[in-house]
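To be precise, the following lines are protein-v2.cif, and they hold mmCIF, C-alpha atoms and all ligand atoms.
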```
data_input
#
loop_
_atom_site.label_atom_id
_atom_site.label_comp_id
_atom_site.auth_asym_id
_atom_site.auth_seq_id
_atom_site.Cartn_x
_atom_site.Cartn_y
_atom_site.Cartn_z
CA MET A 227 10.13 -14.09 25.70
CA PRO A 228 10.27 -13.48 21.96
CA ILE A 229 7.62 -11.13 20.62
CA LEU A 230 5.41 -11.69 17.61
CA VAL A 231 3.13 -9.08 16.03
CA MET A 232 -0.08 -10.40 14.47
CA LYS A 233 -2.35 -8.03 12.56
CA PHE A 234 -5.92 -8.91 11.63
CA GLY A 235 -7.62 -6.96 8.87
CA GLY A 236 -11.32 -6.04 8.71
CA THR A 237 -12.56 -9.25 7.08
CA SER A 238 -10.67 -11.33 9.66
CA VAL A 239 -12.60 -9.67 12.53
CA ALA A 240 -15.89 -9.08 10.72
CA THR A 241 -18.05 -11.20 13.08
CA PRO A 242 -17.76 -12.69 16.58
CA ASP A 243 -17.06 -16.08 14.99
CA ARG A 244 -14.21 -14.67 12.95
CA ILE A 245 -12.81 -12.93 16.01
CA ARG A 246 -12.87 -16.30 17.79
CA ARG A 247 -11.08 -17.91 14.86
CA ALA A 248 -8.42 -15.16 14.89
CA ALA A 249 -8.05 -15.44 18.67
CA LYS A 250 -7.42 -19.19 18.29
CA ARG A 251 -4.50 -18.43 16.00
CA VAL A 252 -3.14 -16.04 18.58
CA GLY A 253 -3.54 -18.79 21.19
CA VAL A 254 -1.41 -21.12 19.05
CA GLU A 255 1.47 -18.62 19.02
CA VAL A 256 1.14 -17.97 22.76
CA ALA A 257 1.36 -21.72 23.36
CA LYS A 258 4.61 -21.75 21.34
CA GLY A 259 6.04 -19.30 23.88
CA TYR A 260 5.58 -15.94 22.19
CA ASP A 261 4.31 -12.79 23.85
CA VAL A 262 1.99 -11.45 21.18
CA ILE A 263 1.03 -7.95 20.15
CA VAL A 264 -2.21 -8.15 18.19
CA ILE A 265 -3.11 -5.19 15.99
CA VAL A 266 -6.73 -5.06 14.88
CA SER A 267 -8.60 -3.20 12.15
CA ALA A 268 -12.23 -2.21 12.46
CA MET A 269 -14.82 -4.82 11.46
CA ALA A 270 -15.18 -4.99 7.66
CA GLY A 271 -17.18 -2.04 6.33
CA LYS A 272 -17.15 -0.19 9.67
CA THR A 273 -14.66 2.52 8.73
CA ASN A 274 -16.57 3.31 5.52
CA GLU A 275 -19.76 3.56 7.52
CA LEU A 276 -18.14 6.00 9.98
CA VAL A 277 -16.69 8.11 7.15
CA GLY A 278 -20.20 8.21 5.64
CA LEU A 279 -21.68 9.47 8.91
CA VAL A 280 -19.12 12.27 9.11
CA ASP A 281 -19.83 13.30 5.49
CA ASP A 282 -23.56 13.27 6.18
CA ILE A 283 -23.30 15.52 9.25
CA SER A 284 -20.64 17.88 7.97
CA PRO A 285 -19.30 17.89 4.40
CA LEU A 286 -16.61 20.42 5.39
CA TYR A 287 -15.68 18.63 8.55
CA ASP A 288 -13.11 19.45 11.22
CA ALA A 289 -10.39 16.84 10.62
CA ARG A 290 -9.82 16.38 14.36
CA GLU A 291 -13.42 15.28 14.85
CA TYR A 292 -13.27 13.14 11.70
CA ASP A 293 -10.40 11.26 13.35
CA ALA A 294 -12.25 11.01 16.66
CA VAL A 295 -15.13 9.32 14.84
CA VAL A 296 -13.38 7.08 12.29
CA SER A 297 -10.81 5.77 14.78
CA SER A 298 -13.59 4.32 16.95
CA GLY A 299 -14.13 1.16 14.85
CA GLU A 300 -10.77 -0.20 16.00
CA ASN A 301 -11.61 0.45 19.67
CA VAL A 302 -14.53 -1.96 19.40
CA THR A 303 -12.53 -4.80 17.83
CA ALA A 304 -9.63 -4.32 20.28
CA GLY A 305 -11.98 -4.76 23.25
CA LEU A 306 -13.80 -7.70 21.65
CA MET A 307 -10.53 -9.46 20.81
CA ALA A 308 -9.23 -9.01 24.38
CA LEU A 309 -12.50 -10.41 25.75
CA THR A 310 -12.33 -13.39 23.40
CA LEU A 311 -8.78 -14.18 24.50
CA GLN A 312 -9.80 -13.89 28.16
CA GLU A 313 -12.63 -16.36 27.46
CA MET A 314 -9.91 -18.72 26.22
CA GLU A 315 -7.97 -18.07 29.43
CA VAL A 316 -5.18 -16.24 27.67
CA PRO A 317 -4.12 -13.21 29.78
CA ALA A 318 -4.87 -10.24 27.50
CA ARG A 319 -5.99 -6.62 27.56
CA SER A 320 -6.77 -3.96 25.00
CA TRP A 321 -4.89 -0.71 24.34
CA GLN A 322 -6.04 2.30 22.39
CA GLY A 323 -3.36 4.30 20.60
CA TRP A 324 -3.21 7.06 23.23
CA GLN A 325 -2.83 4.54 26.04
CA VAL A 326 0.27 2.95 24.54
CA PRO A 327 1.12 5.81 23.75
CA LEU A 328 1.61 5.85 19.98
CA GLN A 329 2.67 9.41 19.17
CA THR A 330 2.03 10.84 15.73
CA SER A 331 2.31 14.09 13.81
CA SER A 332 -0.67 16.45 13.80
CA ALA A 333 -1.57 15.69 10.17
CA HIS A 334 -5.11 14.54 10.90
CA SER A 335 -6.41 11.69 8.70
CA ALA A 336 -2.90 11.12 7.33
CA ALA A 337 -0.73 11.29 10.45
CA ARG A 338 2.77 9.83 10.58
CA ILE A 339 3.97 7.72 13.47
CA GLU A 340 6.68 9.52 15.46
CA ASP A 341 7.21 7.32 18.47
CA ILE A 342 5.89 4.24 20.22
CA GLY A 343 6.38 4.12 23.98
CA THR A 344 7.18 0.51 24.84
CA GLU A 345 7.32 0.78 28.67
CA ASN A 346 3.62 0.35 29.49
CA ILE A 347 3.11 -2.76 27.40
CA ALA A 348 6.51 -4.22 28.35
CA ALA A 349 5.64 -3.82 32.04
CA LYS A 350 2.40 -5.76 31.54
CA PHE A 351 4.23 -8.53 29.69
CA ALA A 352 6.64 -8.68 32.65
CA GLU A 353 3.65 -9.14 34.97
CA GLY A 354 2.44 -12.14 32.99
CA MET A 355 0.11 -10.65 30.40
CA ARG A 356 0.59 -12.66 27.19
CA VAL A 357 -1.28 -10.63 24.59
CA ALA A 358 -1.53 -6.87 24.12
CA VAL A 359 -4.39 -6.13 21.75
CA VAL A 360 -3.81 -2.73 20.17
CA ALA A 361 -6.30 -0.71 18.13
CA GLY A 362 -4.65 -0.12 14.76
CA PHE A 363 -4.83 3.01 12.57
CA GLN A 364 -4.85 5.53 15.45
CA GLY A 365 -2.51 7.61 17.57
CA LEU A 366 -2.09 10.74 19.63
CA SER A 367 -0.97 14.14 18.30
CA PRO A 368 1.39 16.50 20.17
CA GLU A 369 -1.75 18.57 20.88
CA GLY A 370 -3.30 15.62 22.69
CA ARG A 371 -5.86 14.86 19.99
CA ILE A 372 -6.69 11.48 18.45
CA THR A 373 -5.23 11.03 14.95
CA THR A 374 -5.58 8.39 12.23
CA LEU A 375 -2.90 7.17 9.84
CA GLY A 376 -4.78 7.15 6.53
CA ARG A 377 -6.90 4.35 5.06
CA GLY A 378 -5.27 0.96 5.43
CA GLY A 379 -3.13 2.41 8.23
CA SER A 380 -3.34 -0.51 10.62
CA ASP A 381 -0.75 -2.32 8.47
CA THR A 382 1.59 0.55 9.30
CA THR A 383 0.67 0.35 13.00
CA ALA A 384 1.60 -3.34 12.94
CA VAL A 385 4.99 -2.83 11.32
CA ALA A 386 5.80 0.09 13.62
CA PHE A 387 5.08 -2.09 16.67
CA ALA A 388 7.21 -4.89 15.27
CA ALA A 389 10.08 -2.42 14.86
CA ALA A 390 9.63 -0.80 18.29
CA PHE A 391 9.45 -4.14 20.13
CA GLU A 392 12.04 -5.85 17.91
CA ALA A 393 9.53 -8.57 17.14
CA GLU A 394 10.68 -11.75 15.49
CA ARG A 395 8.14 -11.23 12.69
CA CYS A 396 5.05 -9.28 11.77
CA ASP A 397 2.24 -11.48 10.43
CA ILE A 398 -0.47 -9.69 8.47
CA TYR A 399 -3.65 -11.79 8.37
CA THR A 400 -5.93 -10.85 5.53
CA ASP A 401 -8.45 -12.35 3.10
CA VAL A 402 -5.92 -13.30 0.43
CA ASP A 403 -3.37 -16.05 0.96
CA GLY A 404 -0.33 -14.03 -0.07
CA VAL A 405 1.24 -11.81 -2.70
CA TYR A 406 0.76 -12.93 -6.29
CA THR A 407 2.82 -12.43 -9.44
CA THR A 408 -0.17 -10.52 -10.77
CA ASP A 409 -3.88 -10.14 -10.08
CA PRO A 410 -5.42 -13.65 -10.27
CA ARG A 411 -8.72 -12.09 -11.38
CA ILE A 412 -7.02 -10.93 -14.59
CA CYS A 413 -4.61 -13.77 -15.19
CA ASP A 414 -5.46 -17.32 -14.14
CA ARG A 415 -1.80 -18.30 -14.30
CA ALA A 416 -0.90 -15.88 -11.51
CA ARG A 417 1.23 -17.64 -8.88
CA LYS A 418 1.60 -16.99 -5.19
CA LEU A 419 5.14 -15.92 -4.31
CA ASP A 420 6.81 -17.60 -1.33
CA ARG A 421 9.09 -14.61 -0.87
CA ILE A 422 9.33 -11.13 -2.27
CA ALA A 423 11.94 -8.42 -1.65
CA PHE A 424 10.96 -5.20 0.16
CA GLU A 425 11.81 -3.09 -2.90
CA GLU A 426 9.61 -5.20 -5.16
CA MET A 427 6.73 -5.16 -2.71
CA LEU A 428 7.06 -1.41 -2.44
CA GLU A 429 6.70 -1.04 -6.20
CA LEU A 430 3.77 -3.45 -6.32
CA ALA A 431 2.05 -1.82 -3.33
CA SER A 432 2.40 1.66 -4.76
CA LEU A 433 1.23 0.40 -8.15
CA GLY A 434 -2.03 -0.61 -6.59
CA ALA A 435 -1.66 -4.18 -5.35
CA LYS A 436 -3.82 -3.45 -2.34
CA VAL A 437 -2.53 -6.11 0.05
CA LEU A 438 -0.41 -3.77 2.17
CA GLN A 439 -0.44 -0.03 2.81
CA THR A 440 2.62 1.35 0.98
CA ARG A 441 3.93 3.09 4.08
CA SER A 442 3.96 -0.16 6.03
CA VAL A 443 6.34 -1.62 3.43
CA GLU A 444 8.58 1.46 3.58
CA LEU A 445 8.76 1.12 7.32
CA ALA A 446 9.45 -2.62 7.19
CA MET A 447 12.29 -1.99 4.75
CA ARG A 448 13.79 0.78 6.86
CA TYR A 449 13.78 -1.32 10.07
CA ASN A 450 14.25 -4.69 8.38
CA VAL A 451 11.03 -6.10 9.82
CA LYS A 452 10.17 -9.52 8.39
CA LEU A 453 6.66 -9.21 7.14
CA ARG A 454 4.42 -12.16 6.32
CA VAL A 455 1.13 -11.80 4.45
CA LEU A 456 -1.25 -14.72 4.95
CA SER A 457 -4.91 -15.65 4.99
CA SER A 458 -6.82 -16.03 8.23
CA PHE A 459 -9.21 -18.38 6.43
CA GLU A 460 -6.74 -21.13 5.63
CA GLU A 461 -4.91 -23.72 7.65
CA GLN A 462 -2.00 -22.33 9.60
CA SER A 463 1.51 -23.49 8.78
CA ASP A 464 4.97 -22.00 9.07
CA GLU A 465 5.30 -21.80 5.27
CA ALA A 466 1.90 -20.22 4.61
CA GLY A 467 1.58 -16.90 2.84
CA THR A 468 4.28 -14.69 1.38
CA LEU A 469 7.32 -13.44 3.27
CA VAL A 470 8.33 -9.87 2.44
CA CYS A 471 12.00 -9.64 3.34
CA ALA A 472 15.46 -8.33 2.43
CA GLU A 473 16.68 -9.52 -0.96
CA GLU A 474 19.64 -11.34 0.63
CA GLU A 475 17.13 -13.74 2.14
CA ILE A 476 15.79 -14.77 -1.25
CA MET A 477 17.72 -17.60 -2.83
CA GLU A 478 15.92 -18.02 -6.12
CA SER A 479 14.14 -15.34 -7.99
CA ASN A 480 12.98 -14.62 -11.53
CA VAL A 481 14.24 -11.49 -13.26
CA VAL A 482 10.68 -10.16 -13.24
CA ASN A 483 8.60 -11.09 -10.20
CA GLY A 484 5.42 -9.16 -10.71
CA ILE A 485 3.22 -7.54 -13.34
CA ALA A 486 1.23 -4.69 -11.84
CA TYR A 487 -1.37 -2.47 -13.39
CA SER A 488 -3.26 0.65 -12.64
CA ARG A 489 -6.51 1.06 -14.51
CA ASP A 490 -7.47 4.67 -13.93
CA GLU A 491 -4.65 6.63 -15.48
CA ALA A 492 -4.85 9.67 -17.71
CA LYS A 493 -2.30 11.03 -20.15
CA MET A 494 -2.10 14.80 -20.49
CA THR A 495 -0.13 16.63 -23.13
CA LEU A 496 0.73 20.30 -23.27
CA ILE A 497 1.22 21.05 -26.93
CA SER A 498 3.79 23.59 -28.00
CA VAL A 499 5.26 25.02 -24.83
CA ALA A 500 8.25 27.34 -24.98
CA ASP A 501 11.40 25.26 -24.38
CA ARG A 502 13.37 27.42 -21.99
CA PRO A 503 15.11 26.93 -18.63
CA GLY A 504 12.56 26.69 -15.83
CA ILE A 505 9.69 25.45 -17.97
CA ALA A 506 9.36 22.10 -16.16
CA ALA A 507 9.30 23.88 -12.80
CA ALA A 508 6.69 26.31 -14.11
CA ILE A 509 4.44 23.41 -15.17
CA PHE A 510 4.93 20.91 -12.37
CA GLY A 511 5.08 23.47 -9.55
CA PRO A 512 1.42 24.50 -9.90
CA LEU A 513 0.40 20.85 -10.41
CA SER A 514 2.06 19.83 -7.18
CA GLU A 515 0.51 22.76 -5.32
CA ALA A 516 -2.86 21.63 -6.62
CA GLY A 517 -2.23 18.16 -5.18
CA VAL A 518 -1.97 16.38 -8.54
CA ASN A 519 0.04 13.15 -8.29
CA VAL A 520 2.09 13.28 -11.45
CA ASP A 521 3.65 9.95 -12.31
CA MET A 522 5.34 9.58 -15.71
CA ILE A 523 6.81 12.59 -17.52
CA VAL A 524 8.04 12.84 -21.09
CA GLN A 525 9.36 15.89 -22.90
CA ASN A 526 9.71 15.75 -26.67
CA ILE A 527 12.68 17.02 -28.61
CA SER A 528 12.06 20.65 -29.28
CA GLU A 529 11.71 22.25 -32.65
CA GLU A 530 12.23 25.94 -33.14
CA GLY A 531 12.17 26.54 -29.40
CA ARG A 532 8.81 24.83 -28.82
CA THR A 533 8.23 21.37 -27.34
CA ASP A 534 5.43 19.07 -26.14
CA MET A 535 5.29 17.98 -22.52
CA THR A 536 3.37 14.82 -21.57
CA PHE A 537 2.61 13.51 -18.10
CA SER A 538 0.31 10.98 -16.49
CA CYS A 539 -1.88 11.28 -13.41
CA PRO A 540 -4.92 9.47 -11.95
CA THR A 541 -8.11 10.03 -13.99
CA ASN A 542 -9.93 11.63 -11.09
CA GLN A 543 -7.29 14.38 -10.92
CA VAL A 544 -7.61 15.49 -14.54
CA ALA A 545 -10.03 18.33 -13.77
CA ARG A 546 -7.77 19.59 -11.01
CA ALA A 547 -4.72 19.42 -13.30
CA GLU A 548 -6.53 21.31 -16.06
CA LYS A 549 -7.60 24.02 -13.65
CA ALA A 550 -4.07 24.46 -12.27
CA LEU A 551 -2.50 24.65 -15.75
CA GLU A 552 -5.11 27.03 -17.13
CA ALA A 553 -4.59 29.30 -14.13
CA ALA A 554 -0.81 29.24 -14.65
CA LYS A 555 -1.37 30.08 -18.31
CA ALA A 556 -3.72 32.94 -17.46
CA GLU A 557 -1.13 34.35 -15.06
CA GLY A 558 1.52 34.17 -17.77
CA GLN A 559 3.72 31.61 -15.97
CA ILE A 560 3.45 29.17 -18.86
CA ASN A 561 2.40 29.44 -22.44
CA TYR A 562 1.07 26.46 -24.38
CA HIS A 563 -0.99 26.04 -27.49
CA GLU A 564 -3.34 23.31 -26.33
CA LEU A 565 -3.91 20.90 -23.44
CA VAL A 566 -5.02 17.43 -24.53
CA ALA A 567 -6.29 14.86 -22.02
CA ASP A 568 -6.55 11.16 -22.87
CA THR A 569 -8.51 9.50 -20.07
CA ALA A 570 -8.74 6.03 -21.61
CA VAL A 571 -5.27 4.76 -20.73
CA ALA A 572 -3.89 2.29 -18.21
CA LYS A 573 -0.44 1.66 -16.82
CA VAL A 574 1.17 -1.78 -16.88
CA SER A 575 4.48 -2.40 -15.13
CA ALA A 576 7.00 -5.20 -14.83
CA VAL A 577 8.81 -5.29 -11.49
CA GLY A 578 11.85 -7.29 -10.43
CA ILE A 579 15.13 -6.72 -8.58
CA GLY A 580 16.81 -8.99 -11.15
CA MET A 581 16.57 -6.10 -13.64
CA ARG A 582 19.47 -4.41 -11.91
CA SER A 583 21.87 -7.02 -13.18
CA GLN A 584 20.17 -8.36 -16.29
CA SER A 585 19.69 -6.38 -19.46
CA GLY A 586 17.12 -6.94 -22.16
CA VAL A 587 14.03 -6.82 -19.98
CA ALA A 588 12.73 -3.62 -21.56
CA ALA A 589 13.36 -4.97 -25.06
CA GLN A 590 11.47 -8.16 -24.25
CA MET A 591 8.59 -6.20 -22.77
CA PHE A 592 8.26 -3.96 -25.84
CA LYS A 593 8.52 -6.93 -28.23
CA THR A 594 5.79 -8.80 -26.35
CA LEU A 595 3.43 -5.83 -26.53
CA SER A 596 4.21 -5.25 -30.16
CA ASP A 597 3.49 -8.93 -30.98
CA GLU A 598 0.06 -8.40 -29.42
CA GLY A 599 -0.47 -5.25 -31.46
CA VAL A 600 -0.53 -3.03 -28.36
CA ASN A 601 0.72 0.49 -28.94
CA ILE A 602 2.88 2.03 -26.20
CA LYS A 603 2.10 5.68 -25.48
CA VAL A 604 4.55 6.54 -22.70
CA ILE A 605 7.46 4.62 -21.16
CA ALA A 606 9.09 5.16 -17.79
CA THR A 607 11.77 3.11 -16.07
CA SER A 608 13.42 2.86 -12.71
CA GLU A 609 16.14 0.51 -11.50
CA ILE A 610 13.72 -2.35 -10.86
CA LYS A 611 10.63 -1.37 -12.85
CA ILE A 612 9.48 -0.67 -16.39
CA SER A 613 6.09 0.96 -16.85
CA VAL A 614 4.16 1.64 -20.02
CA LEU A 615 1.00 3.58 -20.66
CA ILE A 616 -1.33 1.86 -23.14
CA ASP A 617 -4.97 2.02 -24.23
CA ARG A 618 -7.09 0.81 -21.33
CA LYS A 619 -8.96 -1.70 -23.49
CA TYR A 620 -5.73 -3.70 -23.93
CA MET A 621 -4.79 -3.76 -20.26
CA GLU A 622 -5.86 -7.35 -19.46
CA LEU A 623 -4.28 -8.63 -22.64
CA ALA A 624 -1.01 -6.88 -21.87
CA VAL A 625 -0.88 -8.22 -18.32
CA GLN A 626 -1.49 -11.79 -19.51
CA ALA A 627 1.00 -11.58 -22.36
CA LEU A 628 3.74 -10.16 -20.13
CA HIS A 629 3.05 -12.72 -17.40
CA ASP A 630 3.60 -15.46 -20.01
CA ALA A 631 6.56 -13.80 -21.69
CA PHE A 632 8.50 -13.48 -18.43
CA GLY A 633 7.57 -17.01 -17.32
CA LEU A 634 6.03 -15.88 -14.07
CA ASP A 635 3.88 -18.96 -13.71
CA LYS A 636 7.04 -20.94 -12.85
CA VAL A 637 9.88 -20.43 -10.40
CA ALA A 638 13.21 -19.69 -12.07
N1 LIG A 701 -10.00 0.52 9.39
C1 LIG A 701 -9.13 1.38 8.66
C2 LIG A 701 -9.50 1.38 7.20
O1 LIG A 701 -10.45 0.73 6.80
C3 LIG A 701 -7.70 1.03 8.85
C4 LIG A 701 -7.31 -0.35 8.40
O2 LIG A 701 -8.13 -1.25 8.39
O3 LIG A 701 -6.15 -0.54 8.07
O4 LIG A 701 -8.89 2.06 6.42
MG MG A 702 -5.86 -3.28 4.71
#
```
Any chance you could put this one into structure tokens?
Amino acid sequence: MPILVMKFGGTSVATPDRIRRAAKRVGVEVAKGYDVIVIVSAMAGKTNELVGLVDDISPLYDAREYDAVVSSGENVTAGLMALTLQEMEVPARSWQGWQVPLQTSSAHSAARIEDIGTENIAAKFAEGMRVAVVAGFQGLSPEGRITTLGRGGSDTTAVAFAAAFEAERCDIYTDVDGVYTTDPRICDRARKLDRIAFEEMLELASLGAKVLQTRSVELAMRYNVKLRVLSSFEEQSDEAGTLVCAEEEIMESNVVNGIAYSRDEAKMTLISVADRPGIAAAIFGPLSEAGVNVDMIVQNISEEGRTDMTFSCPTNQVARAEKALEAAKAEGQINYHELVADTAVAKVSAVGIGMRSQSGVAAQMFKTLSDEGVNIKVIATSEIKISVLIDRKYMELAVQALHDAFGLDKVA
């Protein structure tokens, strides 16, 4: 029988009633003839509560025990979902990660999936079980310890199961009804997309559109898993939600398909560094060792052997970046005149695979911002994305103006 993966996020399993509602949706797919693998998150708020307990008991915790505690929320919902399905007379049982087994690396709290054994679950399907309910977010390390995949990791569990079982599709049930051209809270003309390409979703996910864990999109792209994002609170239909798929499967598309933003950015400038071979490595090496996520980088033209180097990073990493650079300066690895941090900036990006073949997108973006009187501080581009750093107070305005300028409220 064909296999379908259905993942329910925390808000979709927050109460017994919601679990029953989710189980009903599973029942509909079983009745269509699918064997279903259900991946569940912990009940809404549960994981935060468990993280809080760990912090309370032990601020410098042992990551293995952290994982043992925070993975437990999913065990509860997996059992409750299996019970609900049994109440509906759907043959179902629950599986914890280690029982599957879902093997991961030993990187506790941020483990990577290495292998999913399909035999155990396949054997149960062969015996007539119709639904395997699997606890998301968790796995088993080579040392035999319980691991977790990082916050939001049950999306990644779901996609990995869809790939391992060659599922027809992976449906991600959440509290939003799909992927939007931009955040509807900022721009009331935001439109739900029927389809979006993996590459675009990857950019939007990593830019902070929190619908899907970024790694789940990477995995879906690598294994060509059709991913559908849809709401568990709305009527079910085959066209509901947004399909994340290969670009060949998208017939019509705008040049720009999404405007993303990231509010908490900081711009840091090293003034007057010696412009010599190895200077970038000497600056960004220590930053990377300190765990600073550097995003955009700009180096000015040098004058008399000195140059300015600017980069952006999340605001909450500014202190760490300053410490790493000051230490490198004290040790004589780099030499700069001054380090200036601007923590009142935001990043706004236009994303679209159409940019590969159409020119003029950057020019139109810059013109739009200039018409609104918004000054651009840093620019960075990739094949399908243009990002600018601007003053945070203009962020909403910039998002709205760009959404209008690229006509995102309408289909091409
Ligand atoms: N429950 C975990 C979290 O809140 C995993 C997930 O829901 O994806 O991060
Ligand atoms: Mg999530």
Handout entry: Nearby polymer residues, ligand LIG 701 (chain A), at most 9 Å, only C-alpha atoms and all ligand atoms, as a PyMOL selection string
Key = chain A and resi 234-236+266-274+296-297+299-300+362-364+374-383+438-439
Completion exercise
If you count all atoms listed in the file, the residue of A:Asn542, A:Ser585, A:Thr607, A:Thr440 closest to ligand MG 702 (chain A) turns out to be A:Thr440
Exercise for the section: Kindly give the distance, in Å, that separates CA of Ala589 (chain A) and CA of Asp521 (chain A), rounded to a single decimal. Expected result: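 The value is 21.9 Å.
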Handout entry: Test item: residues at most 9 Å from region 281-292 of chain A, all atoms listed in the file, excluding those fewer than 5 positions along its chain, as an MDAnalysis selection string
Key = chainID A and resid 276 297 333:335 371:373
Handout entry: Atomic separation - CA of Lys611 (chain A) relative to CA of Ile485 (chain A), Å
Key =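 These atoms are spaced 9.7 Å apart.
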Problem - Nearest to Ala416 (chain A) by atom-to-atom distance, counting all atoms listed in the file, from A:Leu628, A:Met535, A:Leu513, A:Ala240 - result: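 Looking at the shortest contact to Ala416 (chain A), the residue is A:Leu628.
In this structure, CA of Pro540 (chain A) sits 11.2 Å away from CA of Asp568 (chain A).
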Please list as a CSV table (one decimal) with C-alpha atoms, in the coordinates of the input every residue within 10 Å of region 392-401 of chain A, counting all atoms listed in the file and excluding residues in the same chain fewer than 6 positions away.
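Saved to around00.csv:
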```
chain,number,residue,atom,x,y,z
A,228,PRO,CA,10.3,-13.5,22.0
A,229,ILE,CA,7.6,-11.1,20.6
A,230,LEU,CA,5.4,-11.7,17.6
A,231,VAL,CA,3.1,-9.1,16.0
A,232,MET,CA,-0.1,-10.4,14.5
A,233,LYS,CA,-2.4,-8.0,12.6
A,234,PHE,CA,-5.9,-8.9,11.6
A,235,GLY,CA,-7.6,-7.0,8.9
A,236,GLY,CA,-11.3,-6.0,8.7
A,237,THR,CA,-12.6,-9.2,7.1
A,238,SER,CA,-10.7,-11.3,9.7
A,239,VAL,CA,-12.6,-9.7,12.5
A,248,ALA,CA,-8.4,-15.2,14.9
A,260,TYR,CA,5.6,-15.9,22.2
A,261,ASP,CA,4.3,-12.8,23.8
A,262,VAL,CA,2.0,-11.4,21.2
A,263,ILE,CA,1.0,-8.0,20.2
A,264,VAL,CA,-2.2,-8.2,18.2
A,265,ILE,CA,-3.1,-5.2,16.0
A,266,VAL,CA,-6.7,-5.1,14.9
A,380,SER,CA,-3.3,-0.5,10.6
A,381,ASP,CA,-0.8,-2.3,8.5
A,384,ALA,CA,1.6,-3.3,12.9
A,385,VAL,CA,5.0,-2.8,11.3
A,386,ALA,CA,5.8,0.1,13.6
A,437,VAL,CA,-2.5,-6.1,0.0
A,438,LEU,CA,-0.4,-3.8,2.2
A,446,ALA,CA,9.4,-2.6,7.2
A,449,TYR,CA,13.8,-1.3,10.1
A,450,ASN,CA,14.2,-4.7,8.4
A,451,VAL,CA,11.0,-6.1,9.8
A,452,LYS,CA,10.2,-9.5,8.4
A,453,LEU,CA,6.7,-9.2,7.1
A,454,ARG,CA,4.4,-12.2,6.3
A,455,VAL,CA,1.1,-11.8,4.4
A,456,LEU,CA,-1.2,-14.7,5.0
A,457,SER,CA,-4.9,-15.6,5.0
A,458,SER,CA,-6.8,-16.0,8.2
A,459,PHE,CA,-9.2,-18.4,6.4
A,460,GLU,CA,-6.7,-21.1,5.6
A,467,GLY,CA,1.6,-16.9,2.8
A,468,THR,CA,4.3,-14.7,1.4
A,469,LEU,CA,7.3,-13.4,3.3
A,470,VAL,CA,8.3,-9.9,2.4
```
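Residue nearest Glu353 (chain A) within the list A:Glu255, A:Gly370, A:Phe387, A:Pro317: A:Pro317 [criterion: smallest interatomic distance, all atoms listed in the file].
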Exercise for the section: Check the smallest atom-to-atom distance from each of A:Ala388, A:Val637, A:Ile579, A:Leu595 to Glu478 (chain A) using only C-alpha atoms, then report the winner. Expected result: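 Checking each candidate against Glu478 (chain A), we get A:Val637 as the closest.
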Handout entry: Residue nearest ligand MG 702 (chain A) - candidates A:Val574, A:Ala390, A:Leu279, A:Val402, atoms counted: all atoms listed in the file
Key =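 Comparing A:Val574, A:Ala390, A:Leu279, A:Val402 against ligand MG 702 (chain A), the winner is A:Val402.
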Problem - Which of A:Lys436, A:Arg247, A:Arg546, A:Arg417 sits closest to ligand MG 702 (chain A) [using only C-alpha atoms and all ligand atoms] - result: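 Among the listed residues, the smallest separation from ligand MG 702 (chain A) belongs to A:Lys436.
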Exercise for the section: For region 490-496 of chain A, work out the shell of residues within 8 Å, counting all atoms listed in the file and skipping chain neighbours fewer than 5 positions away, then give it as a list in words. Expected result: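 Skipping anything fewer than 5 positions along the chain leaves Asp534, Met535, Thr536, Phe537, Ser538, Cys539, Pro540, Thr541, Asn542, Val544, Tyr562, His563, Glu564, Leu565, Val566, Ala567, Asp568, Thr569, Ala570, Val571, Ala572 and Lys573 of chain A.
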Next, dump the selected residues to file, keeping only C-alpha atoms, as a compact mmCIF listing (two decimals), in the frame of the given file.
```
# COMPACT_ATOMS: atom_id res chain seq x y z
CA ASP A 534 5.43 19.07 -26.14
CA MET A 535 5.29 17.98 -22.52
CA THR A 536 3.37 14.82 -21.57
CA PHE A 537 2.61 13.51 -18.10
CA SER A 538 0.31 10.98 -16.49
CA CYS A 539 -1.88 11.28 -13.41
CA PRO A 540 -4.92 9.47 -11.95
CA THR A 541 -8.11 10.03 -13.99
CA ASN A 542 -9.93 11.63 -11.09
CA VAL A 544 -7.61 15.49 -14.54
CA TYR A 562 1.07 26.46 -24.38
CA HIS A 563 -0.99 26.04 -27.49
CA GLU A 564 -3.34 23.31 -26.33
CA LEU A 565 -3.91 20.90 -23.44
CA VAL A 566 -5.02 17.43 -24.53
CA ALA A 567 -6.29 14.86 -22.02
CA ASP A 568 -6.55 11.16 -22.87
CA THR A 569 -8.51 9.50 -20.07
CA ALA A 570 -8.74 6.03 -21.61
CA VAL A 571 -5.27 4.76 -20.73
CA ALA A 572 -3.89 2.29 -18.21
CA LYS A 573 -0.44 1.66 -16.82
```
